[in-house]
file run_35.cif (mmCIF, C-alpha atoms)
data_protein
#
loop_
_atom_site.label_atom_id
_atom_site.label_comp_id
_atom_site.auth_asym_id
_atom_site.auth_seq_id
_atom_site.Cartn_x
_atom_site.Cartn_y
_atom_site.Cartn_z
CA MET N 1 -0.23 28.36 23.28
CA SER N 2 -3.97 28.57 24.07
CA ALA N 3 -6.30 25.91 22.68
CA ASP N 4 -7.24 26.86 19.11
CA PRO N 5 -8.70 23.93 17.18
CA SER N 6 -9.35 25.93 13.99
CA ALA N 7 -5.71 27.00 13.81
CA ALA N 8 -4.71 23.35 14.32
CA TYR N 9 -7.11 22.32 11.55
CA ARG N 10 -5.61 24.84 9.12
CA ARG N 11 -2.12 23.71 10.08
CA GLY N 12 -3.02 20.08 9.36
CA PHE N 13 -4.65 20.98 6.06
CA LEU N 14 -1.54 22.85 4.88
CA ALA N 15 0.79 20.10 6.10
CA SER N 16 -0.95 17.48 3.98
CA LEU N 17 -1.28 19.49 0.74
CA PRO N 18 2.08 18.27 -0.68
CA PHE N 19 0.87 14.67 -0.38
CA ILE N 20 -1.84 15.30 -2.97
CA ALA N 21 0.88 15.04 -5.62
CA MET N 22 1.54 11.50 -4.37
CA ILE N 23 -2.05 10.35 -3.85
CA ALA N 24 -3.67 11.58 -7.04
CA PRO N 25 -1.50 9.52 -9.45
CA PHE N 26 -2.13 6.32 -7.44
CA GLY N 27 -5.87 6.97 -7.33
CA LEU N 28 -5.95 7.66 -11.07
CA LEU N 29 -3.96 4.52 -11.74
CA PHE N 30 -6.20 2.37 -9.58
CA GLY N 31 -9.25 3.68 -11.46
CA VAL N 32 -7.59 2.95 -14.80
CA VAL N 33 -6.34 -0.54 -13.86
CA ALA N 34 -9.55 -1.63 -12.09
CA THR N 35 -11.83 -0.64 -14.97
CA GLY N 36 -9.28 -2.11 -17.40
CA GLN N 37 -9.66 -5.38 -15.53
CA GLY N 38 -13.41 -5.34 -16.05
CA LEU N 39 -14.69 -3.66 -12.88
CA SER N 40 -17.60 -1.25 -13.30
CA MET N 41 -17.41 2.35 -12.09
CA PHE N 42 -19.56 1.42 -9.08
CA GLU N 43 -17.38 -1.58 -8.17
CA THR N 44 -14.20 0.48 -8.58
CA MET N 45 -15.52 3.26 -6.34
CA ALA N 46 -16.82 0.77 -3.75
CA PHE N 47 -13.36 -0.80 -3.67
CA THR N 48 -11.61 2.53 -3.16
CA VAL N 49 -14.11 3.83 -0.55
CA MET N 50 -14.26 0.59 1.44
CA VAL N 51 -10.52 -0.09 1.55
CA ILE N 52 -8.73 3.29 1.07
CA ALA N 53 -5.32 1.61 0.91
CA GLY N 54 -3.75 1.83 -2.53
CA ALA N 55 -1.12 -0.89 -2.20
CA ALA N 56 -3.58 -3.46 -0.82
CA GLN N 57 -6.09 -2.60 -3.55
CA PHE N 58 -3.48 -3.22 -6.24
CA VAL N 59 -2.43 -6.48 -4.56
CA ALA N 60 -6.04 -7.67 -4.52
CA LEU N 61 -6.51 -6.77 -8.20
CA GLN N 62 -3.32 -8.58 -9.19
CA LEU N 63 -4.24 -11.73 -7.24
CA MET N 64 -7.79 -11.82 -8.60
CA GLN N 65 -6.33 -11.46 -12.08
CA GLU N 66 -4.18 -14.53 -11.35
CA GLY N 67 -7.30 -16.41 -10.27
CA ALA N 68 -6.54 -16.63 -6.54
CA PRO N 69 -9.51 -17.58 -4.33
CA VAL N 70 -11.30 -14.97 -2.23
CA LEU N 71 -9.80 -15.91 1.13
CA VAL N 72 -6.20 -15.98 -0.15
CA THR N 73 -6.75 -12.63 -1.88
CA ILE N 74 -8.11 -11.03 1.30
CA LEU N 75 -5.39 -12.50 3.54
CA THR N 76 -2.51 -11.48 1.26
CA ALA N 77 -3.85 -7.96 0.63
CA ALA N 78 -4.57 -7.58 4.36
CA ALA N 79 -0.97 -8.64 5.09
CA VAL N 80 0.15 -5.54 3.16
CA ASN N 81 -2.09 -3.54 5.51
CA LEU N 82 -0.70 -5.02 8.73
CA ARG N 83 1.35 -1.85 9.06
CA MET N 84 -1.96 -0.04 9.75
CA ALA N 85 -2.10 -1.88 13.08
CA MET N 86 1.28 -0.34 13.87
CA TYR N 87 -0.10 3.12 12.98
CA SER N 88 -3.03 2.41 15.25
CA VAL N 89 -0.64 1.59 18.09
CA SER N 90 1.42 4.74 17.71
CA ILE N 91 -1.48 7.18 17.30
CA THR N 92 -3.45 5.82 20.27
CA PRO N 93 -1.52 7.77 22.96
CA TYR N 94 -2.54 11.01 21.17
CA LEU N 95 -6.11 10.28 20.04
CA GLY N 96 -7.16 7.30 22.16
CA ALA N 97 -9.22 9.52 24.50
CA ALA N 98 -11.60 10.62 21.70
CA SER N 99 -15.20 9.36 21.66
CA LEU N 100 -15.96 5.98 20.13
CA TRP N 101 -17.50 7.48 16.97
CA GLN N 102 -14.56 9.80 16.52
CA ARG N 103 -12.12 6.93 16.98
CA MET N 104 -13.99 4.92 14.37
CA ALA N 105 -13.82 7.84 11.92
CA ILE N 106 -10.14 8.41 12.77
CA ALA N 107 -9.44 4.71 12.16
CA TYR N 108 -11.20 4.73 8.78
CA CYS N 109 -9.00 7.65 7.66
CA LEU N 110 -5.75 6.25 9.10
CA VAL N 111 -3.64 6.03 5.94
CA ASP N 112 0.13 6.30 5.46
CA GLN N 113 0.03 10.09 5.10
CA SER N 114 -2.34 10.92 7.97
CA TYR N 115 -0.30 8.67 10.25
CA VAL N 116 3.09 10.09 9.29
CA VAL N 117 2.01 13.76 9.40
CA GLY N 118 -0.13 13.28 12.52
CA VAL N 119 2.34 11.46 14.73
CA ALA N 120 5.20 13.80 13.73
CA GLU N 121 3.19 16.92 14.62
CA PHE N 122 1.72 15.50 17.86
CA ALA N 123 5.25 14.73 19.03
CA ARG N 124 6.26 18.33 18.25
CA GLN N 125 3.21 19.82 20.07
CA PRO N 126 3.15 18.28 23.55
CA GLY N 127 0.99 21.16 24.83
CA TRP N 128 -1.91 20.48 22.46
CA THR N 129 -5.31 19.55 23.87
CA LEU N 130 -7.20 16.52 22.56
CA ARG N 131 -9.50 18.86 20.59
CA GLU N 132 -6.54 20.49 18.88
CA ARG N 133 -5.01 17.11 18.01
CA ILE N 134 -8.30 15.88 16.57
CA ALA N 135 -8.72 19.14 14.63
CA PHE N 136 -5.21 18.82 13.22
CA TYR N 137 -5.89 15.23 12.21
CA TRP N 138 -9.06 16.20 10.33
CA GLY N 139 -7.14 19.02 8.72
CA VAL N 140 -4.65 16.47 7.39
CA VAL N 141 -7.37 14.11 6.23
CA SER N 142 -9.56 16.78 4.57
CA PRO N 143 -7.56 17.10 1.34
CA ILE N 144 -6.26 13.51 1.26
CA VAL N 145 -9.39 11.36 1.33
CA PRO N 146 -11.51 13.39 -1.14
CA VAL N 147 -8.55 13.53 -3.55
CA TRP N 148 -8.20 9.75 -3.27
CA TYR N 149 -11.87 9.22 -4.17
CA ALA N 150 -11.88 11.85 -6.90
CA SER N 151 -8.70 10.64 -8.57
CA THR N 152 -9.96 7.04 -8.60
CA TRP N 153 -13.17 8.27 -10.20
CA GLY N 154 -11.15 10.25 -12.74
CA GLY N 155 -9.05 7.21 -13.62
CA ALA N 156 -12.12 5.00 -13.95
CA ALA N 157 -13.91 7.55 -16.16
CA PHE N 158 -10.87 8.36 -18.28
CA GLY N 159 -9.47 4.81 -18.38
CA LYS N 160 -11.90 3.69 -21.09
CA ALA N 161 -10.29 6.17 -23.47
CA ILE N 162 -6.86 4.47 -23.19
CA PRO N 163 -5.91 2.57 -26.35
CA LYS N 164 -6.00 -1.23 -26.08
CA ASP N 165 -2.28 -1.67 -26.84
CA VAL N 166 -1.09 0.24 -23.76
CA PRO N 167 0.57 -2.40 -21.50
CA LEU N 168 -1.62 -1.74 -18.45
CA ASP N 169 -0.77 -5.19 -17.07
CA PHE N 170 2.72 -4.01 -16.16
CA ILE N 171 1.76 -0.68 -14.61
CA VAL N 172 0.95 -2.42 -11.31
CA PRO N 173 4.40 -4.08 -10.96
CA ILE N 174 6.11 -0.80 -11.90
CA THR N 175 4.03 1.09 -9.32
CA PHE N 176 4.93 -1.42 -6.62
CA LEU N 177 8.62 -1.38 -7.46
CA ALA N 178 8.56 2.42 -7.40
CA MET N 179 6.93 2.34 -3.96
CA ILE N 180 9.42 -0.04 -2.34
CA ALA N 181 12.74 0.77 -4.08
CA PRO N 182 13.14 4.09 -2.19
CA LEU N 183 12.67 2.18 1.10
CA LEU N 184 15.62 -0.17 0.45
CA LEU N 185 17.78 1.78 2.89
CA THR N 186 18.67 -0.59 5.71
CA ARG N 187 20.10 -4.11 5.71
CA ALA N 188 16.90 -5.35 7.34
CA GLN N 189 14.71 -3.92 4.56
CA ILE N 190 17.02 -5.30 1.84
CA ALA N 191 17.09 -8.73 3.52
CA ALA N 192 13.29 -8.76 3.85
CA ALA N 193 12.88 -7.87 0.17
CA ALA N 194 15.40 -10.54 -0.94
CA VAL N 195 13.75 -13.29 1.11
CA SER N 196 10.31 -12.22 -0.15
CA VAL N 197 11.45 -12.49 -3.80
CA LEU N 198 13.34 -15.78 -3.37
CA VAL N 199 10.66 -17.62 -1.41
CA ALA N 200 7.87 -16.35 -3.68
CA LEU N 201 9.74 -17.58 -6.79
CA VAL N 202 10.68 -20.94 -5.25
CA LEU N 203 7.11 -21.53 -4.04
CA TRP N 204 5.46 -20.21 -7.21
CA TRP N 205 4.14 -23.73 -7.91
CA MET N 206 1.97 -23.66 -4.78
CA PRO N 207 -1.74 -23.41 -5.57
CA TYR N 208 -3.81 -20.21 -5.29
CA SER N 209 -0.84 -17.90 -4.70
CA THR N 210 -0.41 -19.35 -1.22
CA GLY N 211 3.38 -19.35 -1.78
CA LEU N 212 3.24 -15.55 -1.49
CA LEU N 213 1.73 -15.81 2.00
CA VAL N 214 4.60 -18.09 3.09
CA ALA N 215 7.10 -15.70 1.47
CA GLY N 216 5.52 -12.74 3.30
CA ILE N 217 5.76 -14.41 6.70
CA ALA N 218 9.36 -15.54 6.07
CA ALA N 219 10.37 -12.05 4.90
CA MET N 220 8.66 -10.34 7.84
CA LEU N 221 10.59 -12.56 10.27
CA THR N 222 13.80 -11.90 8.33
CA GLY N 223 13.38 -8.13 8.52
CA ALA N 224 12.62 -8.18 12.23
CA LEU N 225 15.50 -10.57 13.06
CA VAL N 226 18.09 -8.67 10.98
CA GLU N 227 16.99 -5.45 12.66
CA MET N 228 17.50 -7.08 16.08
CA TRP N 229 20.93 -8.42 15.18
CA GLU N 230 21.99 -5.02 13.86
CA GLU N 231 20.89 -3.35 17.08
CA ARG N 232 22.75 -5.91 19.18
CA ARG N 233 25.90 -5.42 17.11
CA HIS N 234 25.71 -1.65 17.53
CA ALA N 235 25.10 -2.07 21.24
CA ALA N 236 28.13 -4.38 21.52
CA ASN N 237 30.48 -1.98 19.71
CA MET W 1 -4.90 -6.27 -22.26
CA LEU W 2 -5.71 -7.84 -18.93
CA PRO W 3 -7.72 -11.01 -18.72
CA THR W 4 -11.19 -10.36 -17.39
CA ASP W 5 -11.55 -13.38 -15.11
CA LEU W 6 -13.33 -11.16 -12.65
CA LEU W 7 -16.26 -10.59 -14.93
CA GLY W 8 -17.24 -14.22 -14.45
CA ASP W 9 -17.75 -14.03 -10.70
CA ARG W 10 -19.25 -10.87 -9.24
CA GLY W 11 -19.88 -12.57 -5.91
CA ALA W 12 -16.15 -13.24 -5.44
CA LEU W 13 -15.30 -9.64 -6.35
CA TRP W 14 -17.77 -8.24 -3.80
CA ALA W 15 -16.55 -10.70 -1.18
CA VAL W 16 -13.02 -9.34 -1.70
CA ILE W 17 -14.17 -5.70 -1.61
CA LEU W 18 -16.25 -6.09 1.57
CA GLY W 19 -13.90 -8.58 3.28
CA LEU W 20 -10.75 -6.56 2.60
CA GLY W 21 -12.57 -3.35 3.60
CA LEU W 22 -13.63 -4.87 6.91
CA VAL W 23 -10.25 -6.44 7.73
CA THR W 24 -8.43 -3.21 6.85
CA PHE W 25 -10.78 -1.18 9.05
CA LEU W 26 -10.29 -3.60 11.94
CA LEU W 27 -6.49 -3.33 11.59
CA ARG W 28 -6.75 0.46 11.73
CA PHE W 29 -9.24 0.43 14.60
CA SER W 30 -7.53 -2.34 16.59
CA PHE W 31 -5.52 -0.43 19.16
CA LEU W 32 -7.34 2.86 18.87
CA GLY W 33 -10.64 1.15 19.48
CA VAL W 34 -10.25 -1.94 21.55
CA ILE W 35 -6.77 -2.67 22.76
CA GLY W 36 -6.26 0.84 24.10
CA ASN W 37 -2.98 1.89 25.60
CA ARG W 38 -1.60 -1.51 26.56
CA PRO W 39 1.85 -1.84 24.96
CA LEU W 40 2.53 -4.50 22.34
CA PRO W 41 5.55 -6.80 22.63
CA PRO W 42 8.45 -5.07 20.82
CA PHE W 43 8.97 -8.05 18.50
CA VAL W 44 5.39 -7.78 17.22
CA LEU W 45 5.97 -4.11 16.43
CA ARG W 46 9.13 -5.06 14.54
CA LEU W 47 7.23 -7.63 12.50
CA LEU W 48 4.51 -5.13 11.61
CA ARG W 49 7.13 -2.66 10.38
CA TYR W 50 8.31 -5.06 7.65
CA THR W 51 4.93 -6.01 6.18
CA PRO W 52 5.00 -3.94 2.97
CA MET W 53 8.59 -4.99 2.23
CA ALA W 54 7.73 -8.62 3.00
CA VAL W 55 4.76 -8.97 0.66
CA ILE W 56 5.23 -6.58 -2.26
CA PRO W 57 8.59 -7.82 -3.67
CA GLY W 58 7.29 -11.40 -3.64
CA LEU W 59 4.14 -10.33 -5.43
CA VAL W 60 6.02 -8.41 -8.10
CA ALA W 61 8.84 -10.91 -8.80
CA PRO W 62 6.81 -13.60 -10.61
CA ALA W 63 4.76 -10.96 -12.46
CA THR W 64 8.05 -9.41 -13.62
CA LEU W 65 9.80 -12.63 -14.65
CA TRP W 66 6.80 -14.46 -16.10
CA PRO W 67 4.21 -11.82 -17.13
CA ALA W 68 0.69 -13.05 -17.83
CA ALA W 69 0.45 -10.68 -20.82
CA THR W 70 3.13 -12.68 -22.70
CA GLY W 71 1.71 -16.03 -21.62
CA GLY W 72 4.37 -16.47 -18.92
CA GLU W 73 7.32 -16.00 -21.32
CA THR W 74 10.06 -13.75 -19.91
CA ASP W 75 9.78 -10.43 -21.72
CA PRO W 76 12.99 -8.35 -22.02
CA ALA W 77 11.06 -5.06 -22.23
CA ARG W 78 9.17 -5.67 -18.96
CA LEU W 79 12.27 -7.04 -17.19
CA ILE W 80 14.45 -4.06 -18.15
CA ALA W 81 11.65 -1.60 -17.29
CA ALA W 82 11.42 -3.20 -13.83
CA MET W 83 15.18 -2.86 -13.32
CA VAL W 84 15.08 0.79 -14.45
CA THR W 85 12.27 1.45 -11.93
CA ILE W 86 14.26 -0.09 -9.07
CA ALA W 87 17.48 1.72 -10.05
CA VAL W 88 15.79 5.13 -10.29
CA GLY W 89 13.87 4.47 -7.06
CA ILE W 90 17.08 3.69 -5.17
CA ALA W 91 19.02 6.55 -6.77
CA THR W 92 16.38 9.28 -6.29
CA ARG W 93 14.45 7.90 -3.27
CA ASN W 94 11.41 9.28 -5.11
CA THR W 95 8.44 7.07 -5.94
CA LEU W 96 6.97 9.28 -8.66
CA ALA W 97 10.34 9.66 -10.41
CA ALA W 98 10.78 5.86 -10.35
CA MET W 99 7.26 5.30 -11.70
CA GLY W 100 7.81 7.80 -14.50
CA ALA W 101 11.17 6.29 -15.44
CA GLY W 102 9.73 2.77 -15.43
CA ALA W 103 6.76 3.74 -17.58
CA VAL W 104 8.95 5.60 -20.10
CA ALA W 105 11.39 2.65 -20.23
CA LEU W 106 8.55 0.18 -20.79
CA ALA W 107 6.92 2.26 -23.52
CA GLY W 108 10.28 2.87 -25.24
CA LEU W 109 11.39 -0.77 -25.08
CA LEU W 110 8.06 -2.15 -26.28
CA TRP W 111 8.28 0.23 -29.23
CA LEU W 112 11.93 -0.66 -29.96
CA LEU W 113 11.88 -4.45 -29.45
#
call {"tool": "encode", "arguments": {"input": "run_35.cif", "output": "structure tokens"}}
result
Amino acid sequence: MSADPSAAYRRGFLASLPFIAMIAPFGLLFGVVATGQGLSMFETMAFTVMVIAGAAQFVALQLMQEGAPVLVTILTAAAVNLRMAMYSVSITPYLGAASLWQRMAIAYCLVDQSYVVGVAEFARQPGWTLRERIAFYWGVVSPIVPVWYASTWGGAAFGKAIPKDVPLDFIVPITFLAMIAPLLLTRAQIAAAAVSVLVALVLWWMPYSTGLLVAGIAAMLTGALVEMWEERRHAAN
Amino acid sequence: MLPTDLLGDRGALWAVILGLGLVTFLLRFSFLGVIGNRPLPPFVLRLLRYTPMAVIPGLVAPATLWPAATGGETDPARLIAAMVTIAVGIATRNTLAAMGAGAVALAGLLWLL
């Protein structure tokens, strides 16, 4: 295949279209919940544009609602985003040769969907040039990021019309449970989730939601260790 | 209705927005930008893989058992809605289906109970 960046761009664009159905509801919900919690339109949009990571944004909102201090809020929400460092690791062999400005722009747009679609396609297209890979990546990002902004704006604008008796407080927990329940596939994931819940509940008395940080570290170690044990057991059999 | 603690302290809100934005960008940029192609120890990669599953259940559990909206009293409607969300999420492996089921369960139970 000869180098054709515009074909790669179109391919990326088409590959990411199905994800709009996943991103738009989360963006809408973030707009609704943030404005419901007293954020202005400008603050809500700044949040969504600066962070572009739905789960971490919801975590930060929830912790601020509970009165956690700034540093604890940032650390805990950033812990949810540690997986982005893993995305950064795995996309570097494909895009690491791009210019500094391009890498900065690529990093800003490195979300769950652009990572998953990008790495999968780059592995399938070993003959692609750097320009084609970059074009594909921007093709993937083109629908995703604008839809994220626009849906947040829509939620923030429309959220004011929601009646006061709608239990918005519980939409965030339901959203989170819906995000993680489908991932409870392996023993390691189940063990990590169980340790996270148990330690967080046991340490709930700790000030400023710091118990959650301890729970997160304990659960991360649990997941990694269980995964290692499982691999060893399979290797031994 | 959510409490509006945030309204009291705009400085804290902006510190969270800017601080979380910066940290998140640095996590995304880390290897791509600075660390380059040097491989990470495998155990670190394993740890990173479990971060969402390590933090989110612990965040949700107290909010599910002792919701702020009911003053920390366990609320059967919210508890059952949470269990419905998990069950549908595991059964369908579909986030949107689980969200929809949880929201319908919550609305129905709050209306019934």
call {"tool": "axis_aligned_box", "arguments": {"input": "run_35.cif", "around": "range 11-28 of chain W", "padding_each_side": "5 Å", "output": "lines of an AutoDock Vina configuration file"}}
result
center_x = -13.2
center_y = -6.4
center_z = 2.8
size_x = 23.4
size_y = 23.7
size_z = 28.3
call {"tool": "atom_distance", "arguments": {"input": "run_35.cif", "atom1": "CA of Thr64 in chain W", "atom2": "CA of Phe170 in chain N"}}
result
8.0 Å
call {"tool": "residues_around", "arguments": {"input": "run_35.cif", "residues": "range 25-33 of chain W", "least_positions_apart": "3", "cutoff": "7 Å", "atoms": "only C-alpha atoms", "output": "PyMOL selection string"}}
result
(chain N and resi 82+84-85+88-89+92+96+103-104+107-108+110) or (chain W and resi 21-22+36)
call {"tool": "residues_around", "arguments": {"input": "run_35.cif", "residues": "range 132-146 of chain N", "least_positions_apart": "2", "cutoff": "7 Å", "atoms": "all atoms listed in the file", "output": "PDB file with C-alpha atoms, in the coordinates of the input"}}
result
ATOM      1  CA  ALA N   3      -6.300  25.910  22.680  1.00  0.00           C
ATOM      2  CA  ASP N   4      -7.240  26.860  19.110  1.00  0.00           C
ATOM      3  CA  PRO N   5      -8.700  23.930  17.180  1.00  0.00           C
ATOM      4  CA  SER N   6      -9.350  25.930  13.990  1.00  0.00           C
ATOM      5  CA  ALA N   8      -4.710  23.350  14.320  1.00  0.00           C
ATOM      6  CA  TYR N   9      -7.110  22.320  11.550  1.00  0.00           C
ATOM      7  CA  ARG N  10      -5.610  24.840   9.120  1.00  0.00           C
ATOM      8  CA  ARG N  11      -2.120  23.710  10.080  1.00  0.00           C
ATOM      9  CA  GLY N  12      -3.020  20.080   9.360  1.00  0.00           C
ATOM     10  CA  PHE N  13      -4.650  20.980   6.060  1.00  0.00           C
ATOM     11  CA  ALA N  15       0.790  20.100   6.100  1.00  0.00           C
ATOM     12  CA  SER N  16      -0.950  17.480   3.980  1.00  0.00           C
ATOM     13  CA  LEU N  17      -1.280  19.490   0.740  1.00  0.00           C
ATOM     14  CA  ILE N  20      -1.840  15.300  -2.970  1.00  0.00           C
ATOM     15  CA  LEU N  95      -6.110  10.280  20.040  1.00  0.00           C
ATOM     16  CA  CYS N 109      -9.000   7.650   7.660  1.00  0.00           C
ATOM     17  CA  SER N 114      -2.340  10.920   7.970  1.00  0.00           C
ATOM     18  CA  GLY N 118      -0.130  13.280  12.520  1.00  0.00           C
ATOM     19  CA  PHE N 122       1.720  15.500  17.860  1.00  0.00           C
ATOM     20  CA  TRP N 128      -1.910  20.480  22.460  1.00  0.00           C
ATOM     21  CA  THR N 129      -5.310  19.550  23.870  1.00  0.00           C
ATOM     22  CA  LEU N 130      -7.200  16.520  22.560  1.00  0.00           C
ATOM     23  CA  TRP N 148      -8.200   9.750  -3.270  1.00  0.00           C
ATOM     24  CA  TYR N 149     -11.870   9.220  -4.170  1.00  0.00           C
ATOM     25  CA  ALA N 150     -11.880  11.850  -6.900  1.00  0.00           C
TER      26      ALA N 150
END
call {"tool": "residues_around", "arguments": {"input": "run_35.cif", "residues": "Ala61 in chain W", "least_positions_apart": "3", "cutoff": "9 Å", "atoms": "all atoms listed in the file", "output": "PyMOL selection string"}}
result
(chain N and resi 173+196-198+200-201) or (chain W and resi 56-58+64-66)
call {"tool": "decode", "arguments": {"input": "run_35.cif", "residues": "range 129-195 of chain N", "atoms": "C-alpha atoms", "output": "PDB file, in the first residue's frame"}}
result
ATOM      1  CA  THR N 129       4.301   5.526   7.398  1.00  0.00           C
ATOM      2  CA  LEU N 130       4.398   7.917  10.349  1.00  0.00           C
ATOM      3  CA  ARG N 131       2.293  10.412   8.352  1.00  0.00           C
ATOM      4  CA  GLU N 132      -0.384   7.805   7.748  1.00  0.00           C
ATOM      5  CA  ARG N 133      -0.445   6.815  11.419  1.00  0.00           C
ATOM      6  CA  ILE N 134      -0.747  10.444  12.500  1.00  0.00           C
ATOM      7  CA  ALA N 135      -3.486  11.027   9.903  1.00  0.00           C
ATOM      8  CA  PHE N 136      -5.386   7.979  11.142  1.00  0.00           C
ATOM      9  CA  TYR N 137      -5.066   9.181  14.728  1.00  0.00           C
ATOM     10  CA  TRP N 138      -6.493  12.611  13.860  1.00  0.00           C
ATOM     11  CA  GLY N 139      -9.250  10.886  11.943  1.00  0.00           C
ATOM     12  CA  VAL N 140     -10.180   9.003  15.120  1.00  0.00           C
ATOM     13  CA  VAL N 141      -9.987  12.114  17.274  1.00  0.00           C
ATOM     14  CA  SER N 142     -11.935  14.392  14.881  1.00  0.00           C
ATOM     15  CA  PRO N 143     -15.428  13.186  15.812  1.00  0.00           C
ATOM     16  CA  ILE N 144     -14.636  12.247  19.431  1.00  0.00           C
ATOM     17  CA  VAL N 145     -13.278  15.445  20.966  1.00  0.00           C
ATOM     18  CA  PRO N 146     -15.796  17.905  19.428  1.00  0.00           C
ATOM     19  CA  VAL N 147     -18.661  15.585  20.434  1.00  0.00           C
ATOM     20  CA  TRP N 148     -17.290  15.503  23.987  1.00  0.00           C
ATOM     21  CA  TYR N 149     -17.234  19.312  24.188  1.00  0.00           C
ATOM     22  CA  ALA N 150     -20.591  19.742  22.479  1.00  0.00           C
ATOM     23  CA  SER N 151     -22.391  17.156  24.582  1.00  0.00           C
ATOM     24  CA  THR N 152     -21.048  18.686  27.808  1.00  0.00           C
ATOM     25  CA  TRP N 153     -22.290  22.065  26.606  1.00  0.00           C
ATOM     26  CA  GLY N 154     -25.662  20.538  25.769  1.00  0.00           C
ATOM     27  CA  GLY N 155     -25.943  18.969  29.214  1.00  0.00           C
ATOM     28  CA  ALA N 156     -24.958  22.204  30.938  1.00  0.00           C
ATOM     29  CA  ALA N 157     -27.452  24.239  28.876  1.00  0.00           C
ATOM     30  CA  PHE N 158     -30.277  21.717  29.184  1.00  0.00           C
ATOM     31  CA  GLY N 159     -29.538  20.692  32.780  1.00  0.00           C
ATOM     32  CA  LYS N 160     -31.223  23.774  34.244  1.00  0.00           C
ATOM     33  CA  ALA N 161     -34.530  22.560  32.830  1.00  0.00           C
ATOM     34  CA  ILE N 162     -34.412  19.318  34.871  1.00  0.00           C
ATOM     35  CA  PRO N 163     -36.949  19.301  37.722  1.00  0.00           C
ATOM     36  CA  LYS N 164     -35.490  19.647  41.230  1.00  0.00           C
ATOM     37  CA  ASP N 165     -36.790  16.256  42.424  1.00  0.00           C
ATOM     38  CA  VAL N 166     -34.757  14.222  39.919  1.00  0.00           C
ATOM     39  CA  PRO N 167     -32.164  12.308  42.022  1.00  0.00           C
ATOM     40  CA  LEU N 168     -29.108  13.663  40.189  1.00  0.00           C
ATOM     41  CA  ASP N 169     -26.913  12.801  43.191  1.00  0.00           C
ATOM     42  CA  PHE N 170     -27.126   9.117  42.344  1.00  0.00           C
ATOM     43  CA  ILE N 171     -26.528   9.393  38.609  1.00  0.00           C
ATOM     44  CA  VAL N 172     -22.769   9.555  39.184  1.00  0.00           C
ATOM     45  CA  PRO N 173     -22.598   6.275  41.182  1.00  0.00           C
ATOM     46  CA  ILE N 174     -24.832   4.558  38.600  1.00  0.00           C
ATOM     47  CA  THR N 175     -22.618   5.808  35.769  1.00  0.00           C
ATOM     48  CA  PHE N 176     -19.503   4.524  37.502  1.00  0.00           C
ATOM     49  CA  LEU N 177     -21.028   1.138  38.267  1.00  0.00           C
ATOM     50  CA  ALA N 178     -22.142   0.863  34.644  1.00  0.00           C
ATOM     51  CA  MET N 179     -18.596   1.645  33.491  1.00  0.00           C
ATOM     52  CA  ILE N 180     -16.842  -0.943  35.653  1.00  0.00           C
ATOM     53  CA  ALA N 181     -19.363  -3.821  35.886  1.00  0.00           C
ATOM     54  CA  PRO N 182     -18.723  -4.938  32.269  1.00  0.00           C
ATOM     55  CA  LEU N 183     -14.981  -5.091  33.067  1.00  0.00           C
ATOM     56  CA  LEU N 184     -15.426  -7.594  35.924  1.00  0.00           C
ATOM     57  CA  LEU N 185     -14.194 -10.420  33.706  1.00  0.00           C
ATOM     58  CA  THR N 186     -11.006 -11.744  35.285  1.00  0.00           C
ATOM     59  CA  ARG N 187     -10.192 -12.828  38.826  1.00  0.00           C
ATOM     60  CA  ALA N 188      -7.660 -10.011  39.052  1.00  0.00           C
ATOM     61  CA  GLN N 189     -10.255  -7.360  38.162  1.00  0.00           C
ATOM     62  CA  ILE N 190     -12.809  -8.841  40.594  1.00  0.00           C
ATOM     63  CA  ALA N 191     -10.195  -9.009  43.375  1.00  0.00           C
ATOM     64  CA  ALA N 192      -9.127  -5.403  42.730  1.00  0.00           C
ATOM     65  CA  ALA N 193     -12.748  -4.220  42.874  1.00  0.00           C
ATOM     66  CA  ALA N 194     -13.438  -6.178  46.098  1.00  0.00           C
ATOM     67  CA  VAL N 195     -10.347  -4.821  47.867  1.00  0.00           C
TER      68      VAL N 195
END
